[in-house]
>>> print(open('coords33.cif').read())   # mmCIF, C-alpha atoms
data_data
#
loop_
_atom_site.group_PDB
_atom_site.id
_atom_site.type_symbol
_atom_site.label_atom_id
_atom_site.label_comp_id
_atom_site.auth_asym_id
_atom_site.auth_seq_id
_atom_site.Cartn_x
_atom_site.Cartn_y
_atom_site.Cartn_z
ATOM 1 C CA MET U 11 0.000 0.000 0.000
ATOM 2 C CA ASP U 12 1.372 3.422 -1.014
ATOM 3 C CA LEU U 13 2.800 5.500 1.818
ATOM 4 C CA GLN U 14 1.527 8.676 0.151
ATOM 5 C CA HIS U 15 -2.026 7.372 0.617
ATOM 6 C CA TYR U 16 -1.631 8.183 4.310
ATOM 7 C CA LEU U 17 -0.246 11.676 3.883
ATOM 8 C CA LEU U 18 -2.749 14.521 3.868
ATOM 9 C CA GLU U 19 -2.250 17.289 1.324
ATOM 10 C CA ASN U 20 -2.586 20.032 3.938
ATOM 11 C CA GLY U 21 0.691 19.055 5.615
ATOM 12 C CA ARG U 22 -0.677 16.922 8.439
ATOM 13 C CA TYR U 23 -0.312 13.271 9.298
ATOM 14 C CA LYS U 24 -3.172 10.833 9.252
ATOM 15 C CA ASN U 25 -2.589 7.735 11.372
ATOM 16 C CA LEU U 26 1.110 8.251 11.996
ATOM 17 C CA SER U 27 1.575 4.884 13.692
ATOM 18 C CA LEU U 28 0.299 3.103 10.563
ATOM 19 C CA ILE U 29 2.770 4.948 8.342
ATOM 20 C CA ALA U 30 5.614 4.088 10.727
ATOM 21 C CA TYR U 31 4.470 0.452 10.828
ATOM 22 C CA GLN U 32 4.502 0.294 7.018
ATOM 23 C CA ILE U 33 8.038 1.699 6.815
ATOM 24 C CA VAL U 34 9.417 -0.677 9.471
ATOM 25 C CA GLU U 35 7.733 -3.746 7.999
ATOM 26 C CA GLY U 36 9.054 -2.831 4.559
ATOM 27 C CA PHE U 37 12.544 -2.550 5.994
ATOM 28 C CA ILE U 38 12.316 -5.894 7.788
ATOM 29 C CA SER U 39 10.989 -7.696 4.706
ATOM 30 C CA GLY U 40 13.957 -6.433 2.704
ATOM 31 C CA MET U 41 16.580 -7.374 5.282
ATOM 32 C CA HIS U 42 17.674 -10.532 3.524
ATOM 33 C CA LYS U 43 18.688 -8.423 0.520
ATOM 34 C CA SER U 44 20.744 -5.954 2.548
ATOM 35 C CA PRO U 45 23.948 -6.061 4.638
ATOM 36 C CA PHE U 46 21.725 -5.621 7.696
ATOM 37 C CA HIS U 47 20.086 -9.039 7.482
ATOM 38 C CA GLY U 48 21.846 -9.968 10.707
ATOM 39 C CA PHE U 49 19.493 -7.671 12.591
ATOM 40 C CA SER U 50 16.437 -9.786 11.728
ATOM 41 C CA SER U 51 16.569 -11.511 15.120
ATOM 42 C CA GLU U 52 15.987 -8.107 16.724
ATOM 43 C CA PHE U 53 12.354 -8.249 15.668
ATOM 44 C CA SER U 54 11.401 -11.752 16.767
ATOM 45 C CA GLU U 55 8.678 -12.066 19.397
ATOM 46 C CA HIS U 56 10.188 -15.428 20.310
ATOM 47 C CA LYS U 57 13.610 -16.622 21.303
ATOM 48 C CA ILE U 58 15.143 -20.081 20.976
ATOM 49 C CA TYR U 59 14.636 -22.265 24.052
ATOM 50 C CA ASN U 60 17.877 -23.094 25.839
ATOM 51 C CA THR U 61 18.260 -26.310 27.829
ATOM 52 C CA GLY U 62 17.766 -25.664 31.522
ATOM 53 C CA GLU U 63 15.360 -22.738 31.102
ATOM 54 C CA SER U 64 11.845 -22.866 32.491
ATOM 55 C CA THR U 65 9.412 -24.588 30.135
ATOM 56 C CA LYS U 66 6.372 -22.510 31.191
ATOM 57 C CA ASN U 67 6.822 -19.977 28.362
ATOM 58 C CA ILE U 68 7.389 -22.461 25.521
ATOM 59 C CA ASP U 69 5.125 -21.746 22.538
ATOM 60 C CA TRP U 70 3.759 -25.254 21.885
ATOM 61 C CA LYS U 71 1.663 -24.138 18.900
ATOM 62 C CA LEU U 72 4.813 -22.869 17.213
ATOM 63 C CA TYR U 73 6.540 -26.146 18.106
ATOM 64 C CA ALA U 74 3.756 -28.069 16.368
ATOM 65 C CA ARG U 75 4.419 -26.108 13.164
ATOM 66 C CA THR U 76 8.207 -25.993 13.278
ATOM 67 C CA GLU U 77 9.251 -28.865 15.554
ATOM 68 C CA LYS U 78 11.571 -26.381 17.265
ATOM 69 C CA LEU U 79 11.323 -25.048 20.803
ATOM 70 C CA TYR U 80 10.818 -21.299 21.231
ATOM 71 C CA THR U 81 9.831 -19.301 24.296
ATOM 72 C CA LYS U 82 7.551 -16.264 24.175
ATOM 73 C CA GLN U 83 8.877 -12.847 25.098
ATOM 74 C CA TYR U 84 6.555 -10.718 27.170
ATOM 75 C CA GLU U 85 5.972 -6.992 27.719
ATOM 76 C CA GLU U 86 7.911 -6.923 30.947
ATOM 77 C CA GLU U 87 11.048 -8.094 29.130
ATOM 78 C CA THR U 88 12.067 -4.527 28.342
ATOM 79 C CA ASN U 89 15.687 -4.504 27.212
ATOM 80 C CA MET U 90 16.370 -0.842 26.671
ATOM 81 C CA ARG U 91 15.092 2.668 27.289
ATOM 82 C CA CYS U 92 15.169 5.314 24.596
ATOM 83 C CA HIS U 93 14.346 8.990 25.034
ATOM 84 C CA ILE U 94 13.580 10.839 21.789
ATOM 85 C CA ILE U 95 13.995 14.619 21.634
ATOM 86 C CA ILE U 96 12.496 16.772 18.884
ATOM 87 C CA ASP U 97 13.602 20.317 18.189
ATOM 88 C CA ASN U 98 10.359 22.100 17.253
ATOM 89 C CA SER U 99 11.935 25.542 16.796
ATOM 90 C CA PRO U 100 10.751 27.780 13.916
ATOM 91 C CA SER U 101 13.657 26.833 11.636
ATOM 92 C CA MET U 102 12.520 23.187 11.758
ATOM 93 C CA HIS U 103 9.356 24.255 9.926
ATOM 94 C CA TYR U 104 11.276 25.040 6.743
ATOM 95 C CA PRO U 105 10.086 24.885 4.000
ATOM 96 C CA GLN U 106 6.962 26.605 5.323
ATOM 97 C CA LYS U 107 4.612 25.284 2.624
ATOM 98 C CA PRO U 108 5.736 21.714 1.891
ATOM 99 C CA LYS U 109 4.162 19.704 -0.925
ATOM 100 C CA SER U 110 3.816 16.755 1.456
ATOM 101 C CA VAL U 111 4.392 16.264 5.169
ATOM 102 C CA THR U 112 7.958 14.980 4.875
ATOM 103 C CA ASP U 113 9.032 17.834 2.587
ATOM 104 C CA ASN U 114 9.925 19.984 5.571
ATOM 105 C CA LYS U 115 12.234 19.278 8.496
ATOM 106 C CA ILE U 116 9.682 18.976 11.285
ATOM 107 C CA GLY U 117 7.532 16.574 9.268
ATOM 108 C CA TYR U 118 10.567 14.436 8.463
ATOM 109 C CA ALA U 119 11.727 14.462 12.097
ATOM 110 C CA VAL U 120 8.235 13.523 13.332
ATOM 111 C CA LEU U 121 8.011 10.529 11.010
ATOM 112 C CA GLY U 122 11.606 9.562 11.831
ATOM 113 C CA ALA U 123 10.733 9.591 15.533
ATOM 114 C CA ALA U 124 7.562 7.580 14.846
ATOM 115 C CA VAL U 125 9.608 4.972 12.971
ATOM 116 C CA LEU U 126 11.997 4.654 15.921
ATOM 117 C CA MET U 127 9.031 4.291 18.273
ATOM 118 C CA GLN U 128 7.660 1.514 16.081
ATOM 119 C CA LEU U 129 11.017 -0.269 16.313
ATOM 120 C CA LEU U 130 11.127 0.217 20.076
ATOM 121 C CA LYS U 131 7.584 -1.048 20.495
ATOM 122 C CA LYS U 132 8.246 -4.055 18.282
ATOM 123 C CA GLN U 133 11.355 -4.904 20.268
ATOM 124 C CA ARG U 134 9.485 -4.434 23.577
ATOM 125 C CA ASP U 135 11.679 -1.511 24.612
ATOM 126 C CA ALA U 136 10.538 1.617 26.433
ATOM 127 C CA ALA U 137 10.245 5.027 24.762
ATOM 128 C CA GLY U 138 10.106 8.545 26.170
ATOM 129 C CA LEU U 139 9.636 11.858 24.389
ATOM 130 C CA SER U 140 10.649 15.490 24.858
ATOM 131 C CA VAL U 141 9.662 18.375 22.577
ATOM 132 C CA PHE U 142 10.938 21.931 22.846
ATOM 133 C CA SER U 143 10.476 25.193 20.954
ATOM 134 C CA GLU U 144 10.677 28.504 22.801
ATOM 135 C CA ASN U 145 9.433 26.448 25.783
ATOM 136 C CA TYR U 146 9.907 22.902 27.051
ATOM 137 C CA ASP U 147 6.608 21.914 25.438
ATOM 138 C CA TYR U 148 6.291 18.223 26.281
ATOM 139 C CA TYR U 149 7.885 15.517 28.380
ATOM 140 C CA ALA U 150 6.952 11.861 28.829
ATOM 141 C CA PRO U 151 9.196 9.363 30.659
ATOM 142 C CA GLU U 152 10.244 6.034 29.153
ATOM 143 C CA LYS U 153 7.493 3.405 29.247
ATOM 144 C CA GLY U 154 6.567 0.426 27.099
ATOM 145 C CA SER U 155 2.784 0.008 27.338
ATOM 146 C CA ASP U 156 0.502 0.215 24.289
ATOM 147 C CA ARG U 157 -1.373 3.083 25.915
ATOM 148 C CA HIS U 158 1.869 5.015 26.380
ATOM 149 C CA TYR U 159 2.860 4.546 22.737
ATOM 150 C CA ARG U 160 -0.567 5.735 21.554
ATOM 151 C CA MET U 161 -0.100 8.862 23.659
ATOM 152 C CA LEU U 162 3.314 9.525 22.111
ATOM 153 C CA TYR U 163 2.031 9.042 18.564
ATOM 154 C CA ASN U 164 -0.804 11.458 19.267
ATOM 155 C CA GLN U 165 1.695 14.043 20.516
ATOM 156 C CA LEU U 166 3.844 13.635 17.418
ATOM 157 C CA GLU U 167 0.870 14.079 15.096
ATOM 158 C CA GLN U 168 0.098 17.417 16.738
ATOM 159 C CA LEU U 169 3.541 18.820 15.924
ATOM 160 C CA THR U 170 2.744 19.116 12.224
ATOM 161 C CA GLU U 171 -0.623 20.731 12.944
ATOM 162 C CA LYS U 172 0.609 23.631 15.071
ATOM 163 C CA PRO U 173 1.903 26.759 13.276
ATOM 164 C CA TYR U 174 5.466 27.698 14.106
ATOM 165 C CA THR U 175 6.243 30.693 16.279
ATOM 166 C CA SER U 176 8.639 33.522 15.444
ATOM 167 C CA LYS U 177 10.433 33.408 18.786
ATOM 168 C CA LYS U 178 14.058 32.405 19.302
ATOM 169 C CA THR U 179 14.827 29.007 20.781
ATOM 170 C CA ASN U 180 17.576 28.312 23.292
ATOM 171 C CA ILE U 181 18.441 24.699 22.513
ATOM 172 C CA SER U 182 21.100 24.394 25.222
ATOM 173 C CA LYS U 183 18.713 25.448 27.984
ATOM 174 C CA PHE U 184 16.232 22.691 27.176
ATOM 175 C CA LEU U 185 18.848 19.982 26.596
ATOM 176 C CA HIS U 186 20.122 20.643 30.127
ATOM 177 C CA GLN U 187 16.559 20.301 31.475
ATOM 178 C CA ILE U 188 15.976 17.084 29.550
ATOM 179 C CA ALA U 189 19.270 15.659 30.853
ATOM 180 C CA GLU U 190 17.990 16.213 34.396
ATOM 181 C CA ASN U 191 14.732 14.365 33.595
ATOM 182 C CA VAL U 192 16.238 11.170 32.147
ATOM 183 C CA HIS U 193 17.430 9.287 35.226
ATOM 184 C CA LYS U 194 17.933 5.662 34.165
ATOM 185 C CA ARG U 195 20.542 4.689 31.576
ATOM 186 C CA SER U 196 19.028 5.275 28.150
ATOM 187 C CA MET U 197 19.780 5.848 24.517
ATOM 188 C CA ILE U 198 18.981 9.512 23.858
ATOM 189 C CA VAL U 199 18.092 10.428 20.267
ATOM 190 C CA LEU U 200 17.928 14.074 19.191
ATOM 191 C CA PHE U 201 16.339 15.357 15.975
ATOM 192 C CA THR U 202 17.530 18.917 15.289
ATOM 193 C CA ASP U 203 18.680 21.184 12.462
ATOM 194 C CA PHE U 204 21.409 22.777 14.638
ATOM 195 C CA PHE U 205 20.191 26.308 13.964
ATOM 196 C CA GLN U 206 20.829 27.708 17.414
ATOM 197 C CA MET U 207 21.317 31.261 18.655
ATOM 198 C CA GLU U 208 23.857 30.387 21.366
ATOM 199 C CA ASP U 209 27.521 29.654 20.634
ATOM 200 C CA ASP U 210 28.759 26.163 19.820
ATOM 201 C CA LYS U 211 30.411 25.641 23.215
ATOM 202 C CA GLU U 212 27.098 26.145 25.027
ATOM 203 C CA LEU U 213 25.408 23.672 22.709
ATOM 204 C CA PHE U 214 28.027 20.968 23.070
ATOM 205 C CA ASP U 215 28.214 21.427 26.828
ATOM 206 C CA ALA U 216 24.485 20.678 26.846
ATOM 207 C CA LEU U 217 24.964 17.643 24.597
ATOM 208 C CA GLU U 218 27.701 16.393 26.921
ATOM 209 C CA HIS U 219 25.270 16.824 29.832
ATOM 210 C CA LEU U 220 22.899 14.449 28.005
ATOM 211 C CA LYS U 221 25.549 11.743 28.435
ATOM 212 C CA TYR U 222 25.210 12.026 32.204
ATOM 213 C CA ASN U 223 24.375 8.691 33.893
ATOM 214 C CA ASN U 224 26.166 6.837 31.095
ATOM 215 C CA HIS U 225 23.510 7.588 28.457
ATOM 216 C CA LYS U 226 24.310 7.031 24.792
ATOM 217 C CA VAL U 227 23.567 10.107 22.655
ATOM 218 C CA VAL U 228 22.678 9.920 18.960
ATOM 219 C CA VAL U 229 22.083 13.126 16.991
ATOM 220 C CA PHE U 230 20.197 13.179 13.697
ATOM 221 C CA HIS U 231 21.065 16.465 11.991
ATOM 222 C CA ILE U 232 18.019 17.193 9.798
ATOM 223 C CA TYR U 233 18.504 19.484 6.808
ATOM 224 C CA ASP U 234 17.227 20.275 3.303
ATOM 225 C CA ARG U 235 19.988 19.153 0.940
ATOM 226 C CA GLU U 236 18.766 21.189 -2.040
ATOM 227 C CA LYS U 237 18.144 24.530 -0.313
ATOM 228 C CA GLU U 238 20.138 24.539 2.926
ATOM 229 C CA PHE U 239 23.234 22.647 1.790
ATOM 230 C CA TYR U 240 23.627 23.404 -1.927
ATOM 231 C CA PHE U 241 21.670 26.711 -1.884
ATOM 232 C CA GLU U 242 19.900 25.891 -5.136
ATOM 233 C CA PHE U 243 17.503 28.702 -5.981
ATOM 234 C CA SER U 244 16.450 30.298 -9.268
ATOM 235 C CA ASP U 245 18.488 33.128 -10.801
ATOM 236 C CA ALA U 246 15.888 35.747 -9.886
ATOM 237 C CA PRO U 247 16.684 38.070 -6.944
ATOM 238 C CA LYS U 248 15.458 36.683 -3.638
ATOM 239 C CA LYS U 249 14.674 38.029 -0.190
ATOM 240 C CA PHE U 250 15.896 35.518 2.374
ATOM 241 C CA VAL U 251 14.160 35.703 5.757
ATOM 242 C CA ASP U 252 15.538 34.262 9.010
ATOM 243 C CA ILE U 253 12.542 32.356 10.365
ATOM 244 C CA GLU U 254 13.629 32.759 13.976
ATOM 245 C CA THR U 255 14.779 36.409 14.021
ATOM 246 C CA GLY U 256 12.885 37.923 11.098
ATOM 247 C CA GLU U 257 16.103 39.417 9.681
ATOM 248 C CA THR U 258 16.184 39.703 5.876
ATOM 249 C CA VAL U 259 18.894 39.623 3.211
ATOM 250 C CA GLN U 260 18.347 40.365 -0.463
ATOM 251 C CA ALA U 261 20.656 38.553 -2.879
ATOM 252 C CA TYR U 262 21.090 36.664 -6.118
ATOM 253 C CA ALA U 263 21.642 33.067 -5.046
ATOM 254 C CA GLU U 264 24.222 32.343 -7.740
ATOM 255 C CA ASN U 265 26.406 35.239 -6.533
ATOM 256 C CA VAL U 266 26.861 33.769 -3.057
ATOM 257 C CA GLN U 267 26.320 30.042 -3.720
ATOM 258 C CA GLU U 268 29.990 29.025 -3.820
ATOM 259 C CA LEU U 269 30.906 30.865 -0.628
ATOM 260 C CA TYR U 270 27.719 29.632 1.054
ATOM 261 C CA GLN U 271 28.497 25.985 0.261
ATOM 262 C CA GLU U 272 32.034 26.407 1.587
ATOM 263 C CA LYS U 273 30.739 27.805 4.886
ATOM 264 C CA VAL U 274 28.057 25.122 5.229
ATOM 265 C CA ARG U 275 30.554 22.302 4.663
ATOM 266 C CA GLU U 276 32.815 23.891 7.249
ATOM 267 C CA TYR U 277 29.914 24.132 9.712
ATOM 268 C CA PHE U 278 28.815 20.517 9.193
ATOM 269 C CA ASN U 279 32.388 19.292 9.579
ATOM 270 C CA ASN U 280 32.821 21.296 12.790
ATOM 271 C CA ILE U 281 29.683 19.695 14.245
ATOM 272 C CA LYS U 282 30.901 16.237 13.223
ATOM 273 C CA LEU U 283 34.359 16.717 14.748
ATOM 274 C CA THR U 284 32.998 18.164 17.983
ATOM 275 C CA CYS U 285 30.478 15.336 18.354
ATOM 276 C CA SER U 286 33.298 12.857 17.822
ATOM 277 C CA LYS U 287 35.312 14.607 20.536
ATOM 278 C CA TYR U 288 32.423 14.200 22.985
ATOM 279 C CA LYS U 289 31.774 10.605 21.787
ATOM 280 C CA ILE U 290 28.339 11.558 20.481
ATOM 281 C CA LYS U 291 27.114 9.750 17.370
ATOM 282 C CA TYR U 292 26.457 12.360 14.676
ATOM 283 C CA ILE U 293 24.309 11.406 11.669
ATOM 284 C CA PRO U 294 23.405 14.049 9.048
ATOM 285 C CA ILE U 295 20.073 13.189 7.409
ATOM 286 C CA ALA U 296 18.559 15.158 4.524
ATOM 287 C CA ILE U 297 14.785 15.292 4.168
ATOM 288 C CA GLN U 298 15.353 13.811 0.713
ATOM 289 C CA ASP U 299 16.871 10.645 2.265
ATOM 290 C CA SER U 300 15.174 7.312 2.877
ATOM 291 C CA PHE U 301 14.070 6.496 6.426
ATOM 292 C CA GLU U 302 16.161 3.339 6.091
ATOM 293 C CA ASN U 303 19.158 5.506 7.060
ATOM 294 C CA ILE U 304 17.535 6.260 10.413
ATOM 295 C CA ILE U 305 16.583 2.621 11.016
ATOM 296 C CA THR U 306 19.999 1.156 10.229
ATOM 297 C CA SER U 307 21.824 3.848 12.214
ATOM 298 C CA TYR U 308 19.605 3.173 15.219
ATOM 299 C CA LEU U 309 20.097 -0.610 15.025
ATOM 300 C CA ILE U 310 23.876 -0.260 14.822
ATOM 301 C CA GLU U 311 23.965 2.092 17.792
ATOM 302 C CA LYS U 312 21.658 -0.152 19.807
ATOM 303 C CA GLN U 313 23.987 -3.120 19.280
ATOM 304 C CA GLN U 314 26.864 -1.040 20.673
ATOM 305 C CA PHE U 315 24.756 0.300 23.542
ATOM 306 C CA ARG U 316 24.033 -3.040 25.155
#
>>> encode(input="coords33.cif", output="structure tokens")
Amino acid sequence: MDLQHYLLENGRYKNLSLIAYQIVEGFISGMHKSPFHGFSSEFSEHKIYNTGESTKNIDWKLYARTEKLYTKQYEEETNMRCHIIIDNSPSMHYPQKPKSVTDNKIGYAVLGAAVLMQLLKKQRDAAGLSVFSENYDYYAPEKGSDRHYRMLYNQLEQLTEKPYTSKKTNISKFLHQIAENVHKRSMIVLFTDFFQMEDDKELFDALEHLKYNNHKVVVFHIYDREKEFYFEFSDAPKKFVDIETGETVQAYAENVQELYQEKVREYFNNIKLTCSKYKIKYIPIAIQDSFENIITSYLIEKQQFR
């Protein structure tokens, strides 16, 4: 069934959990064709019975079909906690009038987070969620119940429905607050475009704080490859508006494109090097990229987290 069938034309999600389910199932079904086929065991709701274990959880119906002994895994067998953070600042709502939901950064980040939640739910792990803009808008601790996941999906759906504000966002301030809220060892995943008003040191001090209590931090740097990285605009004169400050610059894109690309590459590389210094996993993801990049990155990091 076509993913686009579930995307509303007015830039909102309809049944986000179903879209995420479709993406994850498509990824799993294609595992045997990819170098990530070894992760297929991650998604089993059963595990092979080992001699000496209790026999009370053996799935005898499955034994009748396969003649192999498997034990059922239950909800309480939570292996990992993951806290997902979404930067909902004004710059994340670029482009402002997307053709479809995933054609802007917030829509892509929301679906990326929903896909991770689907993986977590399928693997019987616990998920938490934080959202910030000019305020710390939402916080939910890590839990694994179906009711909790429905609540998180509902919160994510609302992010694409609310208009962005024109106020500045202090990313560092909220990352410090989130670090104080996540008490038990977790994988912390941040979706952000790294357009912050504070200096880089403040930001990376906050990211380092997220590693407190031996957390693992993974950052997905969301950007528009065509506009924000390559600066591809028509030859006509343009007025560029800073979404967060309202400042404007008038320019011909082709006159500044080369210098712009040089500065952007320098900025991306600086983020990458600094994240490496702090032992934070940095993953740049363009909104034009497949969600498979998010899934495989998450699975690799989870294997190293255990």
>>> resolve_selection(input="coords33.cif", expression="the PyMOL selection byres ((chain U and resi 224-227) around 12)", output="PyMOL selection string")
chain U and resi 90-95+185+189-190+192-201+214+216-223+228-230+285-286+288-293+308+311-316
>>> residues_near_point(input="coords33.cif", point="(19.5, 18.3, 14.8)", cutoff="6 Å", atoms="all atoms listed in the file", output="ChimeraX atom specification")
/U:201-204,230-232
>>> resolve_selection(input="coords33.cif", expression="the PyMOL selection byres ((chain U and resi 243-253) around 10)", output="PDB file with C-alpha atoms, keeping the file's coordinate frame")
ATOM      1  CA  SER U  99      11.935  25.542  16.796  1.00  0.00           C
ATOM      2  CA  PRO U 100      10.751  27.780  13.916  1.00  0.00           C
ATOM      3  CA  SER U 101      13.657  26.833  11.636  1.00  0.00           C
ATOM      4  CA  MET U 102      12.520  23.187  11.758  1.00  0.00           C
ATOM      5  CA  HIS U 103       9.356  24.255   9.926  1.00  0.00           C
ATOM      6  CA  TYR U 104      11.276  25.040   6.743  1.00  0.00           C
ATOM      7  CA  GLN U 106       6.962  26.605   5.323  1.00  0.00           C
ATOM      8  CA  TYR U 174       5.466  27.698  14.106  1.00  0.00           C
ATOM      9  CA  THR U 175       6.243  30.693  16.279  1.00  0.00           C
ATOM     10  CA  SER U 176       8.639  33.522  15.444  1.00  0.00           C
ATOM     11  CA  LYS U 177      10.433  33.408  18.786  1.00  0.00           C
ATOM     12  CA  LYS U 178      14.058  32.405  19.302  1.00  0.00           C
ATOM     13  CA  GLU U 236      18.766  21.189  -2.040  1.00  0.00           C
ATOM     14  CA  LYS U 237      18.144  24.530  -0.313  1.00  0.00           C
ATOM     15  CA  TYR U 240      23.627  23.404  -1.927  1.00  0.00           C
ATOM     16  CA  PHE U 241      21.670  26.711  -1.884  1.00  0.00           C
ATOM     17  CA  GLU U 242      19.900  25.891  -5.136  1.00  0.00           C
ATOM     18  CA  GLU U 254      13.629  32.759  13.976  1.00  0.00           C
ATOM     19  CA  THR U 255      14.779  36.409  14.021  1.00  0.00           C
ATOM     20  CA  GLY U 256      12.885  37.923  11.098  1.00  0.00           C
ATOM     21  CA  GLU U 257      16.103  39.417   9.681  1.00  0.00           C
ATOM     22  CA  THR U 258      16.184  39.703   5.876  1.00  0.00           C
ATOM     23  CA  VAL U 259      18.894  39.623   3.211  1.00  0.00           C
ATOM     24  CA  GLN U 260      18.347  40.365  -0.463  1.00  0.00           C
ATOM     25  CA  ALA U 261      20.656  38.553  -2.879  1.00  0.00           C
ATOM     26  CA  TYR U 262      21.090  36.664  -6.118  1.00  0.00           C
ATOM     27  CA  ALA U 263      21.642  33.067  -5.046  1.00  0.00           C
ATOM     28  CA  GLU U 264      24.222  32.343  -7.740  1.00  0.00           C
ATOM     29  CA  ASN U 265      26.406  35.239  -6.533  1.00  0.00           C
ATOM     30  CA  GLN U 267      26.320  30.042  -3.720  1.00  0.00           C
TER      31      GLN U 267
END
>>> closest_residue(input="coords33.cif", among="U:Ala123, U:Ile96, U:Ile188, U:Ile297", to="Ser110 (chain U)", atoms="only C-alpha atoms")
U:Ile297
>>> atom_distance(input="coords33.cif", atom1="CA of Leu269 (chain U)", atom2="CA of Arg235 (chain U)")
16.1 Å
>>> resolve_selection(input="coords33.cif", expression="the PyMOL selection byres ((chain U and resi 34) around 9)", output="list of chain:residue names")
U:Ile29, U:Ala30, U:Tyr31, U:Gln32, U:Ile33, U:Glu35, U:Gly36, U:Phe37, U:Ile38, U:Ser39, U:Val125, U:Leu126, U:Gln128, U:Leu129, U:Glu302, U:Ile305
>>> write_last_selection(input="coords33.cif", atoms="C-alpha atoms", output="PDB file, in the frame of the given file")
ATOM      1  CA  ILE U  29       2.770   4.948   8.342  1.00  0.00           C
ATOM      2  CA  ALA U  30       5.614   4.088  10.727  1.00  0.00           C
ATOM      3  CA  TYR U  31       4.470   0.452  10.828  1.00  0.00           C
ATOM      4  CA  GLN U  32       4.502   0.294   7.018  1.00  0.00           C
ATOM      5  CA  ILE U  33       8.038   1.699   6.815  1.00  0.00           C
ATOM      6  CA  GLU U  35       7.733  -3.746   7.999  1.00  0.00           C
ATOM      7  CA  GLY U  36       9.054  -2.831   4.559  1.00  0.00           C
ATOM      8  CA  PHE U  37      12.544  -2.550   5.994  1.00  0.00           C
ATOM      9  CA  ILE U  38      12.316  -5.894   7.788  1.00  0.00           C
ATOM     10  CA  SER U  39      10.989  -7.696   4.706  1.00  0.00           C
ATOM     11  CA  VAL U 125       9.608   4.972  12.971  1.00  0.00           C
ATOM     12  CA  LEU U 126      11.997   4.654  15.921  1.00  0.00           C
ATOM     13  CA  GLN U 128       7.660   1.514  16.081  1.00  0.00           C
ATOM     14  CA  LEU U 129      11.017  -0.269  16.313  1.00  0.00           C
ATOM     15  CA  GLU U 302      16.161   3.339   6.091  1.00  0.00           C
ATOM     16  CA  ILE U 305      16.583   2.621  11.016  1.00  0.00           C
TER      17      ILE U 305
END
>>> closest_residue(input="coords33.cif", among="U:Gln206, U:Asn191, U:Asn279, U:Gln133", to="Gly154 (chain U)", atoms="all atoms listed in the file")
U:Gln133
>>> atom_distance(input="coords33.cif", atom1="CA of Phe184 (chain U)", atom2="CA of Gln271 (chain U)")
29.8 Å
>>> closest_residue(input="coords33.cif", among="U:Ala124, U:Leu72, U:Leu166, U:Ala119", to="Asp97 (chain U)", atoms="only C-alpha atoms")
U:Ala119
>>> residues_around(input="coords33.cif", residues="Leu162 (chain U)", least_positions_apart="5", cutoff="9 Å", atoms="only C-alpha atoms", output="list of chain:residue names")
U:Ala124, U:Met127, U:Ala137, U:Gly138, U:Leu139, U:Ala150, U:Arg157, U:Glu167
